[in-house]
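Structure file upload-v8.cif with mmCIF, C-alpha atoms:
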```cif
data_run
#
loop_
_atom_site.label_atom_id
_atom_site.label_comp_id
_atom_site.auth_asym_id
_atom_site.auth_seq_id
_atom_site.Cartn_x
_atom_site.Cartn_y
_atom_site.Cartn_z
CA MET A 225 20.04 118.88 69.32
CA GLY A 226 22.70 119.66 71.91
CA ALA A 227 22.22 121.98 74.85
CA GLU A 228 22.72 125.70 74.39
CA PRO A 229 26.27 126.90 75.22
CA PHE A 230 27.07 129.04 78.24
CA TYR A 231 28.31 132.55 77.43
CA HIS A 232 31.02 134.49 79.25
CA THR A 233 32.76 137.81 78.72
CA VAL A 234 36.51 137.27 78.83
CA VAL A 235 39.44 139.69 78.83
CA LEU A 236 41.88 138.11 76.38
CA ASN A 237 44.77 140.58 76.70
CA ARG A 238 45.68 143.99 78.03
CA LEU A 239 46.97 146.19 75.21
CA GLY A 240 49.42 149.06 75.14
CA VAL A 241 51.63 147.37 77.77
CA TYR A 242 54.59 144.97 77.84
CA HIS A 243 54.17 141.23 78.46
CA PRO A 244 57.07 138.78 79.01
CA HIS A 245 57.77 136.20 76.28
CA ASP A 246 60.91 134.08 75.90
CA GLY A 247 63.10 136.42 77.94
CA LEU A 248 61.86 139.59 76.18
CA ASP A 249 59.35 142.21 77.25
CA VAL A 250 57.02 142.41 74.26
CA PHE A 251 54.85 145.49 73.69
CA TYR A 252 51.30 144.55 72.67
CA SER A 253 50.67 147.35 70.17
CA PRO A 254 46.93 148.24 70.26
CA GLU A 255 46.71 148.73 66.49
CA SER A 256 47.85 145.11 65.97
CA PHE A 257 44.62 143.83 67.59
CA VAL A 258 42.04 145.94 65.76
CA ASN A 259 41.18 143.03 63.43
CA THR A 260 38.71 141.74 66.02
CA ALA A 261 36.63 139.87 63.40
CA ALA A 262 39.52 137.39 63.01
CA TRP A 263 38.73 135.96 66.46
CA ARG A 264 35.21 134.90 65.53
CA GLY A 265 34.92 131.08 65.58
CA ILE A 266 38.39 130.56 67.11
CA PRO A 267 38.28 127.33 69.17
CA ILE A 268 38.47 127.22 72.96
CA ILE A 269 40.63 124.31 74.18
CA TYR A 270 40.76 122.90 77.70
CA ALA A 271 43.98 121.49 79.18
CA PRO A 272 43.43 119.44 82.35
CA SER A 273 46.27 119.03 84.88
CA ASP A 274 46.87 116.81 87.91
CA GLY A 275 49.71 118.96 89.11
CA ASP A 276 51.97 118.61 86.07
CA ASP A 277 52.88 121.62 83.97
CA ILE A 278 50.76 122.32 80.92
CA SER A 279 51.55 124.09 77.67
CA HIS A 280 49.68 125.17 74.56
CA PRO A 281 48.97 122.59 71.85
CA ASP A 282 50.78 122.81 68.53
CA PHE A 283 49.18 125.47 66.32
CA ASP A 284 49.04 123.16 63.29
CA ALA A 285 47.34 120.47 65.37
CA VAL A 286 44.65 122.98 66.32
CA THR A 287 44.17 124.11 62.72
CA ASN A 288 43.96 120.51 61.45
CA ARG A 289 41.63 119.46 64.27
CA GLN A 290 44.11 116.83 65.43
CA LEU A 291 44.54 117.64 69.11
CA PRO A 292 46.60 115.31 71.32
CA PRO A 293 44.43 113.27 73.73
CA GLU A 294 45.32 115.47 76.73
CA PHE A 295 43.41 118.42 75.19
CA ARG A 296 39.79 118.80 74.20
CA TYR A 297 37.62 121.37 72.44
CA VAL A 298 35.18 122.99 74.87
CA GLY A 299 33.74 125.94 72.95
CA TYR A 300 34.48 128.83 70.65
CA ILE A 301 34.87 132.60 70.57
CA ASP A 302 31.61 134.11 69.34
CA PHE A 303 32.97 137.64 68.85
CA ALA A 304 35.78 139.93 70.02
CA TYR A 305 35.99 143.69 70.52
CA ILE A 306 38.02 146.50 72.09
CA PRO A 307 35.75 148.38 74.53
CA ASP A 308 35.53 152.14 74.10
CA GLY A 309 37.94 154.06 76.29
CA THR A 310 40.01 150.99 77.17
CA THR A 311 43.19 149.29 76.00
CA ARG A 312 42.19 145.68 76.29
CA LEU A 313 40.84 142.97 73.99
CA GLU A 314 37.63 141.32 75.19
CA ALA A 315 35.60 138.45 73.74
CA GLY A 316 32.25 136.80 74.07
CA CYS A 317 33.03 133.11 74.63
CA ALA A 318 30.63 130.18 74.26
CA ILE A 319 31.41 127.22 76.57
CA THR A 320 29.91 123.89 75.50
CA ASP A 321 31.49 121.65 78.16
CA ALA A 322 29.68 121.23 81.52
CA GLU A 323 32.86 120.55 83.54
CA VAL A 324 34.64 123.61 82.16
CA GLU A 325 31.52 125.73 82.67
CA GLN A 326 31.46 124.76 86.36
CA LEU A 327 35.10 125.83 86.74
CA ALA A 328 34.19 129.18 85.18
CA ARG A 329 31.25 129.63 87.55
CA ASP A 330 33.46 128.75 90.53
CA GLY A 331 35.99 131.40 89.50
CA GLN A 332 38.73 128.83 88.81
CA LEU A 333 39.06 129.04 85.03
CA ALA A 334 41.98 130.98 83.50
CA PRO A 335 42.33 132.02 79.82
CA SER A 336 45.43 132.27 77.65
CA SER A 337 45.22 133.52 74.06
CA ALA A 338 47.39 132.02 71.30
CA PHE A 339 48.17 133.81 68.04
CA TYR A 340 50.78 134.41 65.34
CA ALA A 341 52.43 137.84 65.28
CA ASP A 342 55.31 139.75 63.72
CA ARG A 343 57.60 141.68 66.03
CA ILE A 344 60.58 144.01 65.92
CA VAL A 345 63.25 143.24 68.51
CA GLU A 346 64.87 146.24 70.17
CA GLY A 347 67.53 145.00 72.60
CA THR A 348 65.80 143.33 75.55
CA THR A 349 62.35 144.46 74.40
CA ALA A 350 60.23 143.87 71.32
CA ARG A 351 57.13 145.35 69.70
CA ILE A 352 54.30 143.57 67.89
CA VAL A 353 53.80 144.99 64.39
CA GLY A 354 51.17 144.29 61.78
CA THR A 355 47.94 142.50 62.71
CA VAL A 356 47.91 139.30 64.76
CA THR A 357 46.45 136.01 63.50
CA PRO A 358 44.58 134.16 66.28
CA ASN A 359 44.85 130.37 66.55
CA HIS A 360 43.06 129.32 69.75
CA LEU A 361 42.16 130.22 73.33
CA LEU A 362 43.51 127.84 75.98
CA VAL A 363 41.61 127.55 79.28
CA PHE A 364 42.69 125.64 82.40
CA LYS A 365 42.13 125.45 86.14
CA GLN A 366 44.10 128.18 87.88
CA GLY A 367 46.77 126.88 90.25
CA ALA A 368 46.41 123.25 89.18
CA CYS A 369 50.14 123.26 88.35
CA PRO A 370 53.11 125.61 88.90
CA THR A 371 52.55 127.25 85.48
CA CYS A 372 48.74 127.16 85.48
CA TYR A 373 48.26 130.95 85.47
CA SER A 374 47.72 133.43 82.67
CA ASN A 375 50.85 135.15 81.43
CA ASP A 376 48.84 138.38 81.30
CA ASP A 377 47.54 139.02 84.81
CA GLY A 378 44.76 141.12 83.29
CA ALA A 379 43.36 138.16 81.33
CA MET A 380 40.28 136.81 83.11
CA PHE A 381 36.70 135.65 83.01
CA LEU A 382 34.79 138.74 84.12
CA ASN A 383 32.53 136.83 86.46
CA HIS A 384 35.43 136.28 88.90
CA THR A 385 38.65 137.90 90.09
CA ALA A 386 41.79 136.68 88.34
CA SER A 387 44.78 135.41 90.31
CA PRO A 388 48.15 137.15 89.78
CA ALA A 389 50.41 135.72 87.08
CA ALA A 390 52.88 133.17 88.37
CA SER A 391 54.85 132.28 85.26
CA GLN A 392 55.14 132.71 81.50
CA ALA A 393 53.95 129.21 80.62
CA GLY A 394 50.31 130.22 80.42
CA SER A 395 50.44 131.90 77.02
CA SER A 396 51.49 131.06 73.48
CA VAL A 397 52.48 133.48 70.73
CA LYS A 398 54.22 132.43 67.51
CA PHE A 399 56.49 135.39 66.75
CA ARG A 400 58.24 136.27 63.49
CA ASN A 401 61.04 138.76 64.12
CA VAL A 402 60.65 141.39 61.41
CA THR A 403 63.87 143.28 62.19
CA GLU A 404 65.94 140.09 62.48
CA LYS A 405 64.46 138.61 59.31
CA VAL A 406 65.16 141.74 57.29
CA SER A 407 68.60 142.40 58.73
CA GLU A 408 69.79 138.88 57.85
CA THR A 409 69.62 139.77 54.16
CA VAL A 410 69.37 143.56 53.97
CA ASP A 411 72.12 144.51 56.46
CA MET A 412 70.12 147.37 57.97
CA ASN A 413 72.32 150.00 59.55
CA GLU A 414 71.58 151.73 62.85
CA THR A 415 70.04 154.71 61.08
CA GLU A 416 67.53 152.48 59.27
CA LYS A 417 66.68 150.59 62.46
CA GLY A 418 66.20 153.88 64.29
CA TRP A 419 63.95 155.10 61.50
CA LEU A 420 61.76 152.02 61.82
CA LYS A 421 61.56 152.46 65.59
CA GLN A 422 60.49 156.09 65.19
CA LEU A 423 57.91 155.02 62.63
CA TYR A 424 56.29 152.48 64.92
CA ASP A 425 56.49 154.83 67.91
CA LYS A 426 54.61 157.35 65.77
CA ILE A 427 51.96 154.77 64.88
CA CYS A 428 51.47 153.61 68.46
CA CYS A 429 51.84 156.74 70.48
CA GLU A 430 51.29 159.89 68.43
CA ASN A 431 47.51 159.96 68.76
CA THR A 432 47.17 158.59 72.31
CA VAL A 433 48.26 161.71 74.22
CA GLU A 434 45.23 163.47 75.68
CA LYS A 435 45.23 167.24 75.56
CA THR A 436 44.36 169.30 78.63
CA PRO A 437 41.43 171.71 78.54
CA GLU A 438 43.90 174.60 78.25
CA GLU A 439 45.31 173.06 75.07
CA THR A 440 41.88 172.52 73.49
CA PRO A 441 39.92 175.76 73.02
CA MET A 442 36.30 175.46 74.04
CA GLU A 443 35.12 177.26 70.91
CA ASN A 444 36.05 174.28 68.67
CA THR A 445 32.95 173.08 66.90
CA ASP A 446 31.99 169.44 66.39
CA SER A 447 32.80 169.71 62.68
CA GLU A 448 36.28 170.99 63.47
CA ARG A 449 36.93 168.12 65.87
CA ILE A 450 35.68 165.61 63.30
CA ALA A 451 37.92 167.17 60.65
CA ALA A 452 40.90 166.95 63.00
CA LEU A 453 40.19 163.29 63.71
CA GLU A 454 39.84 162.55 60.00
CA ALA A 455 43.20 164.23 59.38
CA GLN A 456 44.80 162.08 62.08
CA VAL A 457 43.31 158.93 60.55
CA ALA A 458 44.62 159.94 57.11
CA ALA A 459 48.09 160.60 58.53
CA LEU A 460 48.13 157.26 60.32
CA THR A 461 46.98 155.46 57.17
CA ASN A 462 49.76 157.11 55.18
CA THR A 463 52.31 156.17 57.83
CA LEU A 464 51.20 152.53 57.73
CA LYS A 465 51.45 152.58 53.93
CA GLU A 466 55.00 153.98 54.11
CA ARG A 467 55.96 151.27 56.60
CA ASP A 468 54.59 148.47 54.41
CA GLU A 469 56.28 149.89 51.31
CA SER A 470 59.63 150.18 53.12
CA ILE A 471 59.51 146.61 54.39
CA ALA A 472 58.52 145.37 50.92
CA THR A 473 61.47 147.27 49.40
CA PHE A 474 63.90 145.74 51.92
CA GLN A 475 62.63 142.25 51.11
CA GLN A 476 62.79 142.78 47.33
CA GLU A 477 66.36 144.07 47.52
CA ALA A 478 67.36 141.13 49.70
CA ALA A 479 65.81 138.64 47.27
CA GLN A 480 67.61 140.28 44.32
CA ARG A 481 70.97 140.10 46.11
CA ALA A 482 70.38 136.42 46.81
CA ARG A 483 69.63 135.78 43.12
CA ASP A 484 72.74 137.72 42.05
CA ALA A 485 74.95 135.74 44.43
CA ALA A 486 73.58 132.41 43.20
CA TRP A 487 74.15 133.41 39.57
CA GLU A 488 77.73 134.56 40.18
CA GLN A 489 78.48 131.25 41.87
CA ILE A 490 77.20 129.09 39.01
CA LYS A 491 78.39 131.44 36.25
CA ASN A 492 82.06 130.54 36.80
CA THR A 493 81.31 126.88 36.03
CA LEU A 494 79.48 127.38 32.73
CA PRO A 495 80.82 126.91 29.19
CA LYS A 496 81.90 130.19 27.60
CA GLY A 497 79.43 129.64 24.78
CA TRP A 498 76.58 129.92 27.28
CA LEU A 499 77.66 133.41 28.32
CA GLY A 500 78.41 136.60 26.40
CA GLU A 501 75.41 137.44 24.27
CA LYS A 502 73.59 134.38 25.63
CA GLU A 503 74.15 135.22 29.31
CA ALA A 504 70.72 136.81 29.86
CA GLU A 505 68.99 133.81 28.27
CA THR A 506 71.13 131.34 30.22
CA ARG A 507 70.48 133.14 33.51
CA ALA A 508 66.73 133.13 32.87
CA ASP A 509 66.85 129.35 32.31
CA PHE A 510 68.82 128.95 35.54
CA GLU A 511 66.49 131.06 37.69
CA ASN A 512 63.23 129.76 36.21
CA ASN A 513 63.95 126.03 36.53
CA LYS A 514 67.21 125.04 38.23
CA ASP A 515 66.53 121.30 37.99
CA ALA A 516 66.12 121.40 34.21
CA PHE A 517 69.12 123.72 33.91
CA TYR A 518 71.45 121.36 35.79
CA VAL A 519 70.26 118.40 33.70
CA LYS A 520 71.08 120.35 30.54
CA LEU A 521 74.49 121.35 31.93
CA MET A 522 75.39 117.77 32.86
CA ALA A 523 74.32 116.51 29.43
CA HIS A 524 76.48 119.14 27.74
CA ALA A 525 79.49 118.28 29.91
CA ALA A 526 79.15 114.58 29.13
CA LYS A 527 79.03 115.12 25.36
CA TYR A 528 81.94 117.55 25.44
CA ALA A 529 83.97 115.03 27.38
CA ASN A 530 83.28 112.39 24.73
CA ALA A 531 84.50 114.79 22.06
CA LYS A 532 87.79 115.28 23.87
CA HIS A 533 88.52 111.57 24.43
CA GLY A 534 90.42 109.35 22.10
CA ALA A 535 88.79 107.30 19.38
CA ASP A 536 88.87 104.14 21.54
CA GLY A 537 87.12 105.96 24.44
CA SER A 538 90.20 106.05 26.65
CA CYS A 539 92.18 109.05 27.87
CA GLY A 540 95.84 109.75 27.14
CA CYS A 541 96.06 108.06 23.74
CA ASN A 542 96.35 109.59 20.25
CA GLU A 543 93.04 110.93 18.97
CA VAL A 544 91.71 110.08 15.52
CA ARG A 545 90.70 113.41 14.04
CA GLU A 546 87.86 111.95 11.97
CA ALA A 547 86.21 110.52 15.09
CA VAL A 548 86.72 113.76 16.99
CA MET A 549 85.15 115.83 14.22
CA ALA A 550 82.19 113.45 14.05
CA ASN A 551 81.66 113.87 17.75
CA LEU A 552 81.94 117.65 17.45
CA ALA A 553 79.38 117.73 14.66
CA GLU A 554 76.95 115.73 16.79
CA VAL A 555 77.44 118.05 19.77
CA GLU A 556 76.97 121.17 17.65
CA LYS A 557 73.80 119.70 16.11
CA SER A 558 72.20 118.85 19.46
CA THR A 559 73.29 121.90 21.47
CA GLY A 560 73.52 124.67 18.93
CA PHE A 561 76.99 125.66 20.16
CA LYS A 562 80.10 125.89 17.99
CA ILE A 563 83.02 123.96 19.47
CA ILE A 564 86.51 124.69 18.23
CA PRO A 565 88.92 121.84 19.02
CA GLU A 566 92.23 122.73 20.63
CA GLU A 567 95.35 122.33 18.51
CA ASP A 568 97.99 119.91 19.79
#
```

Can the structure in the file be given as structure tokens, please?
Amino acid sequence: MGAEPFYHTVVLNRLGVYHPHDGLDVFYSPESFVNTAAWRGIPIIYAPSDGDDISHPDFDAVTNRQLPPEFRYVGYIDFAYIPDGTTRLEAGCAITDAEVEQLARDGQLAPSSAFYADRIVEGTTARIVGTVTPNHLLVFKQGACPTCYSNDDGAMFLNHTASPAASQAGSSVKFRNVTEKVSETVDMNETEKGWLKQLYDKICCENTVEKTPEETPMENTDSERIAALEAQVAALTNTLKERDESIATFQQEAAQRARDAAWEQIKNTLPKGWLGEKEAETRADFENNKDAFYVKLMAHAAKYANAKHGADGSCGCNEVREAVMANLAEVEKSTGFKIIPEED
């Protein structure tokens, strides 16, 4: 059996503050990190450097256990938690690599968390919304390269003092822009965007303001305080539900408009016999299986073209009515549509 791992307490991120990412100041909303159980078992990856810049590995490569040769797995996150009375995410980390453990003991190891997250962009700032999905924790020797520092200067191994952040290269977050994604298809107006901002401000900030002793009567009993807290939790839960329902409604309306636009585009190219009373049926065929629908349309067009050509198969010559009628009968039999030939 292998040697027992070495355990360290690590600050992964400060919460409730802004961190720079891709030219934006991104607010790390505390409620987005409450799913601490998701960090359990997340791999710790070491990136060595001889002075060259380093960056995070591809998220899919981490998930598929196909790291490039310049990275290596050196441990895992055993558990994560948000300490009482603080706004930071901490983790118990197990280090299984002797070289990396020595760097940690010498106070030279820096951490950088990597996760997926949704965000709402608000001008030059953004806000994380929903819960994050962790992918890995990157560790490296501080100062080994110009970007070898944590993006969050509060991220550190607690058995040493962290160096100040020197650049943004020491962190990796895969963001999905919720506002941008919705506005591409829903055309949100300023009122709707402002409503969403107020909603998330309410979620993040409403219950974080501490009351002074003058504002909180001393005669409040424990049961009253518990009831007040339960009411706040219920209100917050309801607010989150309203947010999720609103976003879902925006997405459903956007999807319906996309389907309507696609149908209107193809509708103008269809035979008249496919529309009218049959329009609902035809549209269902189109939306349920476009490949099969187009094959059927092309087959119909080819047979109709044969019915309009001359008896010898060429265009521009006199048609033989008997041959035309035979073709029409065959088309009507195979398609179920009645074709009325044009009079000369």

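Relative to atom CA of Asp277 of chain A, atom CA of Pro244 of chain A is found at 18.3 Å.
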
Ranking A:Pro267, A:Gly378, A:Pro281, A:Gly316 by minimum distance to Lys398 of chain A and counting all atoms listed in the file, which one comes first? A:Pro281

Atomic separation - atom CA of Arg481 of chain A relative to atom CA of Pro495 of chain A, Å: 23.6 Å

Name the residues that the PyMOL selection byres ((chain A and resi 231) around 6) picks from the file above, as an mmCIF file with C-alpha atoms, in the coordinates of the input, using the file's chain letters and numbers.
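New file selection-v7.cif:
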```cif
data_model
loop_
_atom_site.group_PDB
_atom_site.id
_atom_site.type_symbol
_atom_site.label_atom_id
_atom_site.label_comp_id
_atom_site.auth_asym_id
_atom_site.auth_seq_id
_atom_site.Cartn_x
_atom_site.Cartn_y
_atom_site.Cartn_z
ATOM 1 C CA PHE A 230 27.070 129.040 78.240
ATOM 2 C CA HIS A 232 31.020 134.490 79.250
ATOM 3 C CA CYS A 317 33.030 133.110 74.630
ATOM 4 C CA ALA A 318 30.630 130.180 74.260
#
```

Hey, which of A:Ser374, A:Thr311, A:Thr233, A:Ser337 ends up closest to Leu361 of chain A? Count all atoms listed in the file.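 Looking at the shortest contact to Leu361 of chain A, the residue is A:Ser337.
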
Which residue is closest to Phe283 of chain A? Choose from A:Pro358, A:Ala315, A:Tyr270, A:Ile344 and count only C-alpha atoms.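 Looking at the shortest contact to Phe283 of chain A, the residue is A:Pro358.
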